[in-house]
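Q: Got a structure for you, written out below as structure tokens; questions coming shortly.
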Amino acid sequence: MRNIDILWVDDEIDLLKPHILFLEKKNYEVTSCSNGSDAIELVNDENFDIVFLDENMPGINGLETLAAIKQINANLPVVMITKSEEEYIMEEAIGSKIADYLIKPVNPNQILLSLKKNLDHSRLVSEKTTSSYQQEFRKISMDLAMVNTYDDWTDLYKKLVHWELELENINDTGMLEILESQKTEANTQFFKFIKKNYQSWLTNDDKPTFSHTLFKDYIIPNLSKEQGVLWVVIDNLRYDQYRVLEPFINNYYKKEEEHSYYSILPTATQYARNAMFSGLMPSEMEKLHPEFWKNDTDEGGKNLYESDFLTSQIKRLNLSIQHEYYKIVSLKSGKDLANNYKGTKQNDLTVIVYNFVDMLSHAKTEMEVIKELAGDDKAYRSLTVSWFKNSPLYEIIQKAQQLGQKLIITTDHGTINSKTPTKVIGDKNISSNLRYKTGRSLTYEDKDVFVVKNPKDIFLPSVAINSPFIFAKEDLFFAYPNNYNHFVKYYKNTYQHGGISLEEIIIPCSIYNPK
């Protein structure tokens, strides 16, 4: 391993000889000079790992030297050292992207700490993260053997997501493979848990918040005449994707509450999102609003009446609120709303459904370039972040903060990277979704699915007599025997939803107050 090369610039460099000797004993290579001009020349000629720079020097001062160094090498870490505690100097230095700021007199250990923080940071974080996960691995394994409530599963899933995000930052493929095996085992157990409990939950008082109870459980308690609410539903947003968007939201909002809720089955937009806005389960929507509801096999769009469903629910609950509903399905419609967002100031509730993430997951299936850009969960998250921070939605959130509106961020269901095919056979009228099927004459692998022979048992409509619903477990997707190899190749490693997995069912709902 090569030595670290340090450039130390100070007009009183001779007085720092003990510090330099201390660093050299630690195997650091130190080059010293006493003025800014020499420092600029040295940076131009040599490759240093870090610069310690005195702020108050005759001739070219520290801030001027810093600017010149950054022009030569913008990525070279510079630690500013100064006698002055004046705020404007700190602000200028920080604005110039310094790596650290030390006040004289400095002792050798301060210098050593700054070096480790700036140059050994990745290694130290990597070692600590790996060590911490190794300790946590046994606890997660024990939790997997004991978890038996919906709250326990929520906590466990959040813990797995936490470690996934921590480990991806250190690029330890070995640890990530171990975590992936734990996630796979967790989804195996979660499938059994849902299969055992889902039907009974729907008729019991002891149940998680579901899609159809979200509005009553989390939206209504946050409505007030004094403060408007912006309710954003980002379609198809997984909990891990929400986690990586959160730092950007935190720039403008402070989180007041964080909840997780369970998507109903199927974990698909026409079921889960319509349930969210109507406050009803699908069979109830079919019965009470036949003019709005469409089954899988019906012609026409399945999500054309969300606004009507929401208005109907508000009326049914006798809520006296002014509300507006927007669905954003294009960049233009997003920009138009952002430009005119101040017009929502008089609303008690403004609802925005944003479809980008759902479009992204479908594009990954259809477009080779998206398959390259979102090849795995880490890349999928990165693409989501890149979209969000440059999106009209982010601008809308900033404008909502300026209006003093409360913010609620949620989704209708998650998605999973589907890697494993399972065969299914049915007549030509069975539904087309790859993670659930309904229709007559279904033949399938029993071990791979949760079968509901009578859809009414879980408040789903029957598309025809003897038409069960089947839901794929874990990361499976349904493939037809006809042209099987082509079908599998086309859909393998694409993001799908509708089935049973932690990623699809346990989803975020967080409430924020403006900063």
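Going through the structure tokens in order, the chains are called A, B, and so on, while each chain numbers its residues from 1 and the ligands are numbered from 1 in the order shown.
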Mind dumping a table of every stretch 368-476 of chain A residue within 10 Å of stretch 156-177 of chain A, with the nearest atom pair and its distance in Å to one decimal, using only C-alpha atoms, sorted by chain and rising number, as a tab-separated table?

A:
```
residue	atom	partner	partner_atom	distance
A:Asp377	CA	A:Glu164	CA	9.7
A:Lys378	CA	A:Glu168	CA	7.3
A:Arg381	CA	A:Leu165	CA	9.9
```

Q: Just the residues within 12 Å of A:Lys83, please, counting only C-alpha atoms, with nothing from its chain fewer than 2 positions along; format it as JSON, numbers by chain.

A: {"A": [10, 53, 54, 55, 56, 57, 62, 80, 81, 85, 86, 89, 90, 101, 102, 103, 104, 105, 106]}

Q: Report the distance between atom CA of A:Phe190 and atom CA of A:Tyr484 in Å, rounded to one decimal place.

A: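 These atoms are spaced 28.4 Å apart.
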
Q: Would you pick out the contacts of A:Gln241 at 9 Å or less, using only C-alpha atoms, so that residues sharing its chain but fewer than 5 positions from it are not included, and give the list as a short mmCIF file (atom, residue, chain, number, x, y, z; two decimals) with N, CA and C atoms, in the first residue's frame?

A:
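result14.cif, freshly written:
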```cif
data_model
loop_
_atom_site.label_atom_id
_atom_site.label_comp_id
_atom_site.auth_asym_id
_atom_site.auth_seq_id
_atom_site.Cartn_x
_atom_site.Cartn_y
_atom_site.Cartn_z
N GLU A 246 -35.83 10.25 0.55
CA GLU A 246 -36.09 10.97 1.80
C GLU A 246 -35.13 12.13 2.05
N TYR A 380 -31.83 0.52 -9.92
CA TYR A 380 -33.24 0.96 -9.96
C TYR A 380 -33.46 2.12 -8.99
N ARG A 381 -32.87 2.01 -7.80
CA ARG A 381 -32.96 3.10 -6.83
C ARG A 381 -32.26 4.35 -7.35
N SER A 382 -31.08 4.16 -7.92
CA SER A 382 -30.31 5.30 -8.42
C SER A 382 -31.07 6.04 -9.52
N THR A 384 -34.28 6.13 -9.83
CA THR A 384 -35.42 6.80 -9.17
C THR A 384 -34.97 8.13 -8.57
N VAL A 385 -33.81 8.14 -7.92
CA VAL A 385 -33.27 9.37 -7.33
C VAL A 385 -33.00 10.41 -8.43
#
```

Q: Which of these residues is nearest to A:Tyr394, using only C-alpha atoms: A:Leu476, A:Val232, A:Val424, A:Cys509?

A: A:Val232

Q: When you look at stretch 395-406 of chain A with a cut-off of 6 Å (counting only C-alpha atoms), what residues show up, excluding the ones that are within fewer than 5 positions of it in the same chain? I need them as a VMD selection string.

A: chain A and resid 227 to 229 338 512 to 514

Q: Based on the selection just made, write N, CA and C atoms of those residues as an mmCIF file, in the first residue's frame.

A:
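Ended up saving to selection.cif:
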```cif
data_model
loop_
_atom_site.group_PDB
_atom_site.id
_atom_site.type_symbol
_atom_site.label_atom_id
_atom_site.label_comp_id
_atom_site.auth_asym_id
_atom_site.auth_seq_id
_atom_site.Cartn_x
_atom_site.Cartn_y
_atom_site.Cartn_z
ATOM 1 N N GLN A 227 -54.431 24.310 7.982
ATOM 2 C CA GLN A 227 -53.251 23.947 7.186
ATOM 3 C C GLN A 227 -53.653 22.978 6.089
ATOM 4 N N GLY A 228 -53.396 23.358 4.852
ATOM 5 C CA GLY A 228 -53.691 22.467 3.737
ATOM 6 C C GLY A 228 -52.765 21.261 3.738
ATOM 7 N N VAL A 229 -53.196 20.199 3.080
ATOM 8 C CA VAL A 229 -52.418 18.963 2.975
ATOM 9 C C VAL A 229 -52.169 18.644 1.505
ATOM 10 N N ALA A 338 -46.696 22.316 -11.635
ATOM 11 C CA ALA A 338 -45.676 23.024 -10.854
ATOM 12 C C ALA A 338 -45.779 24.529 -11.074
ATOM 13 N N TYR A 512 -45.256 14.760 6.857
ATOM 14 C CA TYR A 512 -44.229 15.780 7.063
ATOM 15 C C TYR A 512 -44.869 17.144 7.324
ATOM 16 N N ASN A 513 -44.164 17.958 8.123
ATOM 17 C CA ASN A 513 -44.524 19.360 8.309
ATOM 18 C C ASN A 513 -43.464 20.240 7.664
ATOM 19 N N PRO A 514 -43.866 21.364 7.084
ATOM 20 C CA PRO A 514 -42.871 22.222 6.414
ATOM 21 C C PRO A 514 -41.873 22.796 7.405
#
```

Q: Could you tell me, as a ChimeraX atom specification, which residues of stretch 218-443 of chain A DSSP assigns to alpha helix (DSSP H) when given the backbone?

A: /A:239-249,269-278,282-288,306-316,331-339,356-366,368-373,377-389,392-402

Q: Can you pull out every residue within 10 Å of A:Glu258, counting only C-alpha atoms, but drop anything in the same chain fewer than 5 positions away, and send it as a list in words?

A: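 Contacts, in chain order: Ile408, Ile409, Pro508, Cys509, Ser510, Ile511 and Tyr512 of chain A.
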
Q: For the selection just defined, write its residues with N, CA, C and O atoms to a file, as an mmCIF file, in the first residue's frame.

A:
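Result file follows (result_22.cif):
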```cif
data_model
loop_
_atom_site.group_PDB
_atom_site.id
_atom_site.type_symbol
_atom_site.label_atom_id
_atom_site.label_comp_id
_atom_site.auth_asym_id
_atom_site.auth_seq_id
_atom_site.Cartn_x
_atom_site.Cartn_y
_atom_site.Cartn_z
ATOM 1 N N ILE A 408 -47.910 14.524 2.747
ATOM 2 C CA ILE A 408 -48.028 13.079 2.983
ATOM 3 C C ILE A 408 -47.537 12.364 1.732
ATOM 4 O O ILE A 408 -48.042 12.585 0.631
ATOM 5 N N ILE A 409 -46.522 11.538 1.902
ATOM 6 C CA ILE A 409 -45.948 10.777 0.791
ATOM 7 C C ILE A 409 -46.310 9.311 0.972
ATOM 8 O O ILE A 409 -46.060 8.724 2.035
ATOM 9 N N PRO A 508 -44.615 2.438 2.235
ATOM 10 C CA PRO A 508 -44.502 3.579 3.156
ATOM 11 C C PRO A 508 -45.683 4.545 3.090
ATOM 12 O O PRO A 508 -46.343 4.690 2.057
ATOM 13 N N CYS A 509 -45.907 5.222 4.199
ATOM 14 C CA CYS A 509 -46.798 6.389 4.258
ATOM 15 C C CYS A 509 -46.243 7.300 5.345
ATOM 16 O O CYS A 509 -46.323 6.968 6.531
ATOM 17 N N SER A 510 -45.650 8.416 4.949
ATOM 18 C CA SER A 510 -45.009 9.315 5.910
ATOM 19 C C SER A 510 -45.635 10.691 5.859
ATOM 20 O O SER A 510 -45.990 11.193 4.786
ATOM 21 N N ILE A 511 -45.748 11.309 7.050
ATOM 22 C CA ILE A 511 -46.362 12.628 7.194
ATOM 23 C C ILE A 511 -45.280 13.634 7.581
ATOM 24 O O ILE A 511 -44.501 13.394 8.510
ATOM 25 N N TYR A 512 -45.256 14.760 6.857
ATOM 26 C CA TYR A 512 -44.229 15.780 7.063
ATOM 27 C C TYR A 512 -44.869 17.144 7.324
ATOM 28 O O TYR A 512 -45.924 17.465 6.776
#
```

Q: Rank nothing, just name the residue among A:Asp49, A:Trp231, A:Ile458, A:Ala39 nearest to A:Leu66, using only C-alpha atoms.

A: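 Among A:Asp49, A:Trp231, A:Ile458, A:Ala39, it is A:Ala39 that comes nearest to A:Leu66.
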
Q: Name the closest residue to A:Asp457 among the candidates A:Gln346, A:Gly414, A:Glu306, A:Thr203; distances are taken between atoms, counting only C-alpha atoms.

A: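 Closest candidate: A:Thr203.
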